[in-house]
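Coordinates from input-v9.txt are shown below (compact mmCIF, C-alpha atoms).
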```
# COMPACT_ATOMS: atom_id res chain seq x y z
CA MET A 1 0.00 0.00 0.00
CA THR A 2 0.96 3.62 -0.36
CA THR A 3 0.33 6.54 1.94
CA ALA A 4 -3.13 8.04 1.47
CA SER A 5 -3.39 11.34 -0.38
CA VAL A 6 -5.05 13.84 1.94
CA PRO A 7 -5.08 17.64 2.17
CA VAL A 8 -2.08 19.25 3.82
CA THR A 9 -2.39 22.23 6.17
CA PRO A 10 -0.69 25.16 4.37
CA VAL A 11 2.43 26.77 5.75
CA ALA A 12 2.55 30.55 6.35
CA GLY A 13 1.30 32.63 3.43
CA THR A 14 -1.49 32.18 0.89
CA ALA A 15 -1.90 30.91 -2.64
CA GLU A 16 -3.00 34.39 -3.78
CA ASP A 17 0.59 35.33 -4.69
CA SER A 18 4.04 33.75 -4.46
CA SER A 19 4.49 34.37 -0.72
CA ARG A 20 3.65 30.81 0.37
CA VAL A 21 6.01 29.25 -2.16
CA HIS A 22 8.66 31.85 -1.26
CA GLY A 23 8.35 30.81 2.38
CA ILE A 24 8.80 27.14 1.51
CA LEU A 25 11.85 27.79 -0.67
CA THR A 26 13.61 29.83 2.02
CA ALA A 27 12.60 27.78 5.09
CA TYR A 28 16.07 26.22 5.33
CA LEU A 29 17.45 29.58 6.49
CA GLN A 30 15.42 29.37 9.69
CA SER A 31 16.75 26.03 10.90
CA LYS A 32 20.31 26.78 9.79
CA ALA A 33 20.29 30.07 11.72
CA VAL A 34 19.34 28.18 14.89
CA PHE A 35 21.91 25.42 14.27
CA THR A 36 24.60 28.08 13.89
CA ALA A 37 23.53 29.99 17.00
CA LEU A 38 23.67 26.78 19.04
CA ASP A 39 27.07 25.89 17.65
CA LEU A 40 28.50 29.31 18.52
CA GLY A 41 26.95 29.52 21.99
CA VAL A 42 24.76 32.55 21.27
CA PHE A 43 21.87 31.52 23.51
CA GLU A 44 24.09 30.55 26.46
CA ASN A 45 25.73 33.98 26.38
CA LEU A 46 22.45 35.88 26.09
CA GLU A 47 21.03 33.85 28.97
CA LYS A 48 23.54 35.53 31.28
CA GLY A 49 22.02 38.95 30.55
CA PRO A 50 21.27 41.43 27.73
CA LEU A 51 24.18 42.08 25.36
CA THR A 52 24.79 44.53 22.55
CA ILE A 53 26.03 43.33 19.18
CA GLY A 54 29.54 44.45 20.07
CA GLU A 55 29.49 42.75 23.48
CA LEU A 56 28.23 39.47 22.05
CA ALA A 57 30.73 39.62 19.19
CA ASP A 58 33.59 40.07 21.68
CA ARG A 59 32.42 37.13 23.78
CA LEU A 60 32.13 34.86 20.75
CA GLY A 61 35.32 36.09 19.09
CA LEU A 62 33.43 37.26 16.00
CA GLU A 63 33.23 40.38 13.87
CA GLN A 64 30.18 42.58 14.41
CA ARG A 65 28.78 42.20 10.87
CA PRO A 66 28.11 38.42 11.02
CA THR A 67 27.00 38.73 14.65
CA ARG A 68 24.46 41.37 13.61
CA ALA A 69 23.18 39.26 10.72
CA LEU A 70 22.65 36.25 12.99
CA LEU A 71 20.91 38.30 15.70
CA VAL A 72 18.60 39.93 13.17
CA ALA A 73 17.63 36.47 11.86
CA LEU A 74 16.98 35.18 15.39
CA THR A 75 14.94 38.28 16.15
CA GLY A 76 12.78 37.58 13.11
CA LEU A 77 12.23 34.05 14.43
CA ASP A 78 11.25 35.54 17.83
CA LEU A 79 14.01 33.54 19.53
CA VAL A 80 15.77 36.68 20.75
CA ARG A 81 14.36 40.14 21.54
CA ARG A 82 15.89 43.55 21.06
CA ASP A 83 15.53 46.24 23.73
CA GLY A 84 17.29 49.39 22.60
CA GLU A 85 20.80 48.28 21.58
CA ALA A 86 20.75 45.07 23.65
CA TYR A 87 19.51 41.59 22.80
CA THR A 88 18.18 38.88 25.11
CA ASN A 89 16.62 35.42 24.87
CA THR A 90 12.87 34.95 24.73
CA ALA A 91 11.24 32.69 27.36
CA GLU A 92 10.84 29.98 24.72
CA THR A 93 14.55 30.09 23.91
CA SER A 94 15.53 29.97 27.57
CA ARG A 95 13.38 26.87 28.01
CA TYR A 96 14.38 24.87 24.93
CA LEU A 97 17.66 26.20 23.52
CA VAL A 98 19.89 26.83 26.54
CA ALA A 99 22.16 23.90 27.46
CA GLY A 100 21.49 22.34 30.83
CA ARG A 101 17.75 23.04 30.87
CA PRO A 102 15.52 19.96 31.38
CA GLU A 103 13.80 20.41 28.01
CA TYR A 104 16.93 21.41 26.06
CA MET A 105 16.60 20.56 22.35
CA GLY A 106 20.25 20.97 21.41
CA GLY A 107 20.76 17.25 20.84
CA PHE A 108 17.76 17.20 18.53
CA ALA A 109 19.16 20.21 16.68
CA GLU A 110 22.53 18.48 16.26
CA HIS A 111 20.80 15.41 14.85
CA GLN A 112 18.80 17.54 12.40
CA ASN A 113 21.94 19.40 11.36
CA LYS A 114 23.50 16.03 10.48
CA HIS A 115 20.48 15.43 8.26
CA PHE A 116 21.03 18.81 6.66
CA ALA A 117 24.24 17.64 4.99
CA HIS A 118 22.56 14.49 3.69
CA PHE A 119 19.68 16.45 2.22
CA ASP A 120 22.07 18.23 -0.10
CA LYS A 121 22.06 14.87 -1.93
CA LEU A 122 18.33 14.16 -1.59
CA ALA A 123 17.86 14.13 -5.36
CA ASP A 124 20.40 11.28 -5.56
CA ALA A 125 18.49 9.31 -2.94
CA VAL A 126 15.24 9.86 -4.86
CA ARG A 127 16.76 8.83 -8.19
CA GLU A 128 18.52 5.76 -6.79
CA ASN A 129 15.98 4.73 -4.11
CA ALA A 130 18.93 4.20 -1.80
CA SER A 131 19.73 5.19 1.79
CA LEU A 132 22.52 7.74 2.05
CA ASN A 133 23.74 6.80 5.53
CA GLN A 134 22.62 3.15 5.84
CA ARG A 135 21.17 3.56 9.36
CA VAL A 136 18.43 0.97 8.78
CA LEU A 137 18.96 -1.94 6.40
CA LYS A 138 16.26 -4.24 5.05
CA GLN A 139 16.67 -6.62 8.00
CA GLY A 140 16.84 -3.90 10.67
CA TYR A 141 19.21 -1.35 12.17
CA ARG A 142 22.72 -1.92 10.87
CA ASP A 143 24.47 -1.07 14.17
CA GLN A 144 21.93 -0.73 16.98
CA GLY A 145 20.80 2.75 15.94
CA ALA A 146 24.09 4.08 14.53
CA ALA A 147 24.52 5.10 10.90
CA ALA A 148 27.55 4.00 8.90
CA GLY A 149 30.74 5.16 10.58
CA GLU A 150 29.05 6.59 13.70
CA GLY A 151 29.44 3.90 16.38
CA ARG A 152 27.87 4.28 19.81
CA GLU A 153 28.01 8.08 19.57
CA GLY A 154 25.52 7.81 16.72
CA THR A 155 23.23 5.62 18.81
CA ALA A 156 23.29 8.14 21.66
CA ARG A 157 22.58 11.05 19.32
CA LEU A 158 19.64 9.21 17.75
CA ILE A 159 18.15 8.38 21.16
CA GLN A 160 18.56 11.97 22.34
CA ALA A 161 16.75 13.17 19.22
CA MET A 162 13.99 10.64 19.91
CA ARG A 163 13.57 12.06 23.42
CA VAL A 164 12.76 15.52 22.09
CA SER A 165 10.17 14.17 19.67
CA SER A 166 8.75 11.88 22.37
CA ARG A 167 8.08 14.82 24.69
CA LEU A 168 5.55 16.13 22.18
CA GLN A 169 3.71 12.81 22.05
CA ALA A 170 4.32 10.52 25.04
CA ASP A 171 1.94 12.03 27.60
CA LYS A 172 -0.81 12.36 25.01
CA LEU A 173 -0.36 8.71 24.02
CA ALA A 174 -0.40 7.63 27.67
CA LYS A 175 -3.68 9.46 28.26
CA ALA A 176 -5.32 8.03 25.14
CA ALA A 177 -4.03 4.42 25.31
CA PRO A 178 -6.82 1.96 26.23
CA LEU A 179 -5.12 0.27 29.19
CA GLU A 180 -8.00 -0.20 31.62
CA GLY A 181 -7.53 -3.55 33.35
CA VAL A 182 -4.10 -4.09 31.75
CA ASP A 183 -1.38 -5.02 34.24
CA HIS A 184 1.53 -5.55 31.81
CA ILE A 185 2.45 -4.08 28.43
CA ILE A 186 5.41 -4.77 26.15
CA ASP A 187 6.97 -1.73 24.44
CA LEU A 188 8.62 -3.26 21.37
CA GLY A 189 11.41 -1.15 19.91
CA CYS A 190 11.14 1.23 22.86
CA GLY A 191 13.73 3.74 21.61
CA SER A 192 14.52 6.26 24.33
CA GLY A 193 12.06 4.62 26.74
CA ASP A 194 10.01 7.79 27.11
CA TYR A 195 6.78 6.14 25.97
CA SER A 196 7.31 3.36 28.51
CA ILE A 197 7.92 5.97 31.22
CA ALA A 198 4.82 7.98 30.29
CA LEU A 199 2.61 4.87 30.25
CA ALA A 200 3.86 3.88 33.70
CA ARG A 201 3.34 7.34 35.17
CA HIS A 202 -0.23 7.54 33.90
CA ASN A 203 -1.02 3.98 35.05
CA PRO A 204 0.50 3.42 38.53
CA GLY A 205 -0.34 -0.29 38.60
CA LEU A 206 1.04 -1.02 35.15
CA LYS A 207 4.24 -3.00 34.54
CA VAL A 208 6.13 -2.21 31.33
CA THR A 209 8.79 -4.34 29.65
CA SER A 210 10.83 -2.19 27.26
CA LEU A 211 12.64 -4.08 24.50
CA ASP A 212 15.30 -2.80 22.09
CA TYR A 213 18.89 -3.39 20.99
CA PRO A 214 21.47 -3.76 23.82
CA ALA A 215 23.19 -0.43 23.05
CA VAL A 216 19.81 1.32 23.13
CA ILE A 217 18.76 -0.41 26.37
CA ASP A 218 21.94 0.84 28.07
CA LEU A 219 20.63 4.38 27.47
CA VAL A 220 17.06 3.48 28.40
CA ARG A 221 18.18 2.22 31.80
CA THR A 222 19.62 5.67 32.55
CA ASN A 223 16.43 7.40 31.41
CA VAL A 224 14.25 5.10 33.51
CA ALA A 225 16.46 5.60 36.57
CA ASP A 226 16.39 9.38 36.13
CA ALA A 227 12.59 9.22 35.92
CA GLY A 228 12.46 7.33 39.23
CA ILE A 229 10.14 4.72 37.80
CA GLY A 230 12.31 1.62 37.80
CA ASP A 231 9.81 -0.31 39.90
CA GLN A 232 7.38 -0.28 36.95
CA VAL A 233 9.58 -0.24 33.84
CA THR A 234 11.98 -3.09 33.04
CA PRO A 235 14.38 -2.40 30.15
CA HIS A 236 15.44 -5.62 28.42
CA PRO A 237 17.87 -6.06 25.48
CA ALA A 238 16.41 -7.95 22.53
CA ASP A 239 16.14 -8.14 18.76
CA ILE A 240 12.40 -7.59 18.45
CA MET A 241 12.23 -9.32 15.08
CA ASN A 242 13.75 -12.60 16.27
CA ASP A 243 13.91 -12.93 20.07
CA THR A 244 11.06 -14.15 22.27
CA TRP A 245 9.02 -11.75 24.42
CA PRO A 246 7.48 -12.05 27.88
CA GLU A 247 3.80 -12.94 28.05
CA SER A 248 1.47 -9.97 27.85
CA SER A 249 -2.04 -9.10 26.71
CA THR A 250 -0.97 -5.78 25.21
CA VAL A 251 1.87 -4.73 22.89
CA LEU A 252 2.93 -1.21 21.90
CA LEU A 253 4.71 -0.38 18.63
CA SER A 254 5.60 3.30 18.75
CA HIS A 255 7.39 4.65 15.66
CA VAL A 256 8.76 1.23 14.71
CA LEU A 257 7.05 0.08 11.50
CA ASP A 258 8.08 3.07 9.40
CA GLY A 259 11.72 1.97 9.46
CA TYR A 260 10.98 -1.26 7.60
CA GLY A 261 9.65 -2.40 4.24
CA PRO A 262 6.17 -3.95 3.94
CA GLU A 263 7.43 -7.53 4.25
CA ARG A 264 9.26 -6.95 7.54
CA ALA A 265 6.51 -4.73 8.94
CA SER A 266 3.78 -7.28 8.23
CA HIS A 267 6.02 -10.05 9.60
CA LEU A 268 6.36 -8.21 12.91
CA ILE A 269 2.62 -7.62 13.19
CA LYS A 270 1.98 -11.32 12.52
CA ARG A 271 4.47 -12.22 15.27
CA ILE A 272 2.56 -9.97 17.65
CA TYR A 273 -0.77 -11.50 16.66
CA ASP A 274 0.56 -15.01 17.33
CA HIS A 275 1.97 -13.82 20.67
CA LEU A 276 -1.20 -12.22 22.01
CA PRO A 277 -4.03 -14.11 23.75
CA GLU A 278 -7.63 -13.81 22.57
CA GLY A 279 -8.82 -10.32 23.39
CA GLY A 280 -5.24 -9.01 23.42
CA ARG A 281 -4.47 -5.65 21.88
CA LEU A 282 -1.82 -4.16 19.62
CA LEU A 283 -1.29 -0.39 19.85
CA VAL A 284 0.46 1.10 16.81
CA HIS A 285 1.55 4.72 17.32
CA ALA A 286 3.24 6.49 14.42
CA HIS A 287 3.56 9.56 12.18
CA MET A 288 0.32 8.85 10.30
CA PRO A 289 -0.46 11.86 8.08
CA SER A 290 -4.20 11.15 7.93
CA LEU A 291 -4.50 11.03 11.74
CA ALA A 292 -1.91 13.63 12.76
CA THR A 293 -2.62 17.37 12.53
CA GLY A 294 0.78 18.84 11.63
CA LEU A 295 3.01 19.02 8.58
CA PHE A 296 5.96 16.96 9.83
CA PRO A 297 4.40 13.51 9.21
CA TYR A 298 4.18 14.40 5.51
CA MET A 299 7.88 15.34 5.47
CA PHE A 300 9.09 12.38 7.53
CA GLY A 301 9.26 10.06 4.52
CA LEU A 302 12.21 12.08 3.19
CA ILE A 303 14.13 11.43 6.42
CA LEU A 304 13.34 7.73 6.07
CA LEU A 305 14.57 7.80 2.48
CA VAL A 306 17.93 9.16 3.63
CA ASN A 307 18.24 6.83 6.63
CA THR A 308 16.68 3.52 5.60
CA GLU A 309 16.73 1.05 2.73
CA GLU A 310 12.99 0.35 2.69
CA GLY A 311 11.34 2.62 5.29
CA GLU A 312 8.32 4.78 4.48
CA VAL A 313 5.71 6.80 6.32
CA ARG A 314 2.94 4.33 7.16
CA ASP A 315 -0.52 5.85 7.14
CA ASP A 316 -3.46 4.28 8.95
CA GLU A 317 -4.65 2.42 5.84
CA ASP A 318 -1.28 0.65 5.52
CA ILE A 319 -1.34 -0.46 9.15
CA ILE A 320 -5.01 -1.46 9.09
CA GLY A 321 -4.30 -3.65 6.07
CA TRP A 322 -1.48 -5.45 7.87
CA VAL A 323 -3.36 -6.01 11.12
CA LYS A 324 -6.41 -7.37 9.31
CA GLU A 325 -4.20 -9.63 7.21
CA ALA A 326 -2.61 -10.93 10.44
CA GLY A 327 -6.07 -11.83 11.79
CA PHE A 328 -7.02 -9.00 14.16
CA SER A 329 -10.81 -8.72 14.28
CA SER A 330 -11.39 -5.17 15.51
CA VAL A 331 -9.55 -1.97 14.56
CA GLU A 332 -9.98 1.59 15.85
CA THR A 333 -8.07 4.77 14.96
CA SER A 334 -7.60 8.15 16.63
CA ASN A 335 -5.47 11.31 16.62
CA ILE A 336 -2.86 11.49 19.36
CA SER A 337 -0.84 14.62 18.72
CA LEU A 338 0.37 17.15 16.19
CA LEU A 339 2.82 14.48 15.04
CA SER A 340 0.99 11.20 15.39
CA GLY A 341 -2.03 8.91 15.29
CA LEU A 342 -2.96 5.61 16.93
CA VAL A 343 -4.30 2.32 15.56
CA VAL A 344 -5.69 -0.11 18.17
CA ALA A 345 -6.19 -3.68 16.95
CA THR A 346 -7.90 -6.34 19.06
CA LYS A 347 -7.41 -10.09 18.55
```
Represent the structure from my file as C-alpha cells, please.
Amino acid sequence: MTTASVPVTPVAGTAEDSSRVHGILTAYLQSKAVFTALDLGVFENLEKGPLTIGELADRLGLEQRPTRALLVALTGLDLVRRDGEAYTNTAETSRYLVAGRPEYMGGFAEHQNKHFAHFDKLADAVRENASLNQRVLKQGYRDQGAAAGEGREGTARLIQAMRVSSRLQADKLAKAAPLEGVDHIIDLGCGSGDYSIALARHNPGLKVTSLDYPAVIDLVRTNVADAGIGDQVTPHPADIMNDTWPESSTVLLSHVLDGYGPERASHLIKRIYDHLPEGGRLLVHAHMPSLATGLFPYMFGLILLVNTEEGEVRDDEDIIGWVKEAGFSSVETSNISLLSGLVVATK
C-alpha cells in the first residue's frame, strides 16, 4: 500500500501570490540560523544577561557584521528580543535552547543538522531509491541505531533526538491508550524509553517491559532511573524481530514500523498476533499523516529515504491492512498529537 493522499495544512502565506512558495523555498534559512547559534553559543551567552552586538561579538570572538546578521535572523524568528541596543533570549529560547535546561533541544538540533548535509544529496536518494547513511537496512538497524561510521556516539545522538520528539507525544499517548484492566504491556522497539515511562506514570499499577537493541537499552536504563520509575519499567535487550518476548495481553509499537519495508513490517505484526491471547491488543503509534494534525508527518518520509533502505511513512490504511491480514478482528483509529495517530487492533 501507499500513503493516502489527503489535504495538507498550508504553511505561512497564501496561494494568492508567491508568498507561500517563497516561504517554503527559504525555510532552510530558519533552521540553519538556529543550528549556527547553538554551535556558537549565542543563547548561552544571552542567557547571562542582555548584550549589545559588540558585546556578544567580543564574547564569541566574531566580527560585528556576522554577529548582527545572525541576531537579526533570530529576532525575526522571535528567539531573541531587542531592547534598545541590547539583545536577550525569549522565554521559549531559555526553556528549549539553553544547554542544561531539562527540556533542552540541542541534541535534537545536532541530529537535524547532520540530516542537513545528507539532504544536499536528496535528489540522488530519490533517483537511486537508496539510503545515504545506511542507518536501517532491510533486515533492521545496521548497528543498533548508529549510521555508517558513527558507532555508539551515533546511537546516543539518535536516542537523544527521539527524546525531544517523544516529549511532544508521550503524555498524550499515555492518556489516550486503552489500558484499563491491563497489568503488563510490552513496548517493542522502545527507543529512548520515554513512551514506557509515560505509560507507567499515567497507570500506577502497570508494569512495562521495554525491548530494544542492547546499546539502546543501556541508554534506556539511565532514562528510567532518572525518571524514578524503575519499579514499573523493566528495560530488556532484545532483537524484536527474532527474540522471544514475555507474556502480555498488550503490545505497543511506537514509531517502529516506518523503518521497515512492507514484508518486515507485516512479519512483525503477525508475530505480535501469534503472541497475544484472545482479546489481546496491539497499539500502533506512528507519524500517520491522515490522523496527525501537523506538517511533519508528511515530510518524515524524506528522512526515512535518507536513513533507511525500505522505510516509508505508514498511514493508517497501511497499518489497518497489515493487522487485518494478520487476523485481528477489531480496529480503531484516533489522533494522538500534532505528530501522530494511533491504531488499536484487538485479537
* Asked: How many Å lie between atom CA of A:Ser329 and atom CA of A:Ala345, rounded to one decimal?
  ->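 Answer for the atom CA of A:Ser329 to atom CA of A:Ala345 separation: 7.3 Å.
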* How far is it from atom CA of A:Val80 to atom CA of A:Phe43, in Å with one decimal? ->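 Answer for the atom CA of A:Val80 to atom CA of A:Phe43 separation: 8.5 Å.
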* To do: Would you kindly return, as a list of chain:residue names, each protein, DNA or RNA residue with an atom no farther than 7 Å from any atom of stretch 196-208 of chain A, considering all atoms listed in the file and excluding same-chain residues fewer than 5 positions away?
  =>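 My list of contacting residues is A:Ala170, A:Asp171, A:Ala174, A:Lys175, A:Val182, A:Asp183, A:His184, A:Ile185, A:Ile186, A:Asp187, A:Val224, A:Gln232, A:Val233, A:Thr234.
The list of residues with at least one atom within 10 Å of A:Ala156, based on only C-alpha atoms and without residues fewer than 2 positions apart in the same chain, reads Gly107, Gly145, Ala146, Glu150, Gly151, Arg152, Glu153, Gly154, Leu158, Ile159, Gln160, Ala161, Met162, Ser192, Ala215, Val216, Asp218 and Leu219 of chain A.
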* To do: Write out as JSON, numbers by chain which residues come within 9 Å of stretch 268-276 of chain A when counting all atoms listed in the file, dropping same-chain ones fewer than 4 positions away.
  => {"A": [240, 241, 245, 247, 248, 249, 250, 251, 257, 263, 264, 280, 281, 282, 322, 323, 325, 326, 327, 328, 347]}
* To do: Measuring atom to atom with only C-alpha atoms, identify which of A:Arg59, A:His111, A:Arg314, A:Lys32 is nearest to A:Gly259.
  =>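 Checking each of A:Arg59, A:His111, A:Arg314, A:Lys32 against A:Gly259, counting only C-alpha atoms, the winner is A:Arg314.
Coordinates place atom CA of A:Leu46 at a distance of 12.9 Å from atom CA of A:Arg95.
Between A:Pro235 and the candidates A:Val256, A:Val98, A:Leu211, A:Ala117, the tightest atom-to-atom separation, counting all atoms listed in the file, involves A:Leu211.
Minimum atom-to-atom distance to A:Val306, evaluated using all atoms listed in the file, belongs to A:Asn129 out of A:Thr26, A:Asn129, A:Gln64, A:Ser266.
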* Might you pull out every residue within 8 Å of A:Ala99, with all atoms listed in the file counted and same-chain residues fewer than 4 positions away left off, and present them as an MDAnalysis selection string? => chainID A and resid 44 104 106
* Contacts of A:Glu110 within 9 Å, all atoms listed in the file, excl. fewer than 2 positions in-chain, as a list in words -> Phe35, Leu38, Asp39, Met105, Gly106, Gly107, Phe108, Gln112, Asn113, Lys114, His115, Arg157 and Ala161 of chain A
Enclose stretch 47-58 of chain A, meaning all of its atoms listed in the file, in a box aligned along x, y and z, pad it by 3 Å on each side, and list the centre and edge lengths in Å to one decimal, as AutoDock Vina command-line options.
```
--center_x 27.3 --center_y 39.2 --center_z 25.2 --size_x 18.6 --size_y 16.7 --size_z 18.1
```
* Using all atoms listed in the file, which of the listed residues (A:Ala265, A:Ala57, A:Ala86, A:Ile336) sits closest to A:Leu168? ->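 Of all the options, A:Ile336 lies closest to A:Leu168.
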* To do: Tell me which of A:Leu173, A:Val21, A:Ala123, A:Ala73 sits closest to A:Ser340, counting only C-alpha atoms.
  =>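 For A:Ser340, the nearest of the given residues is A:Leu173.
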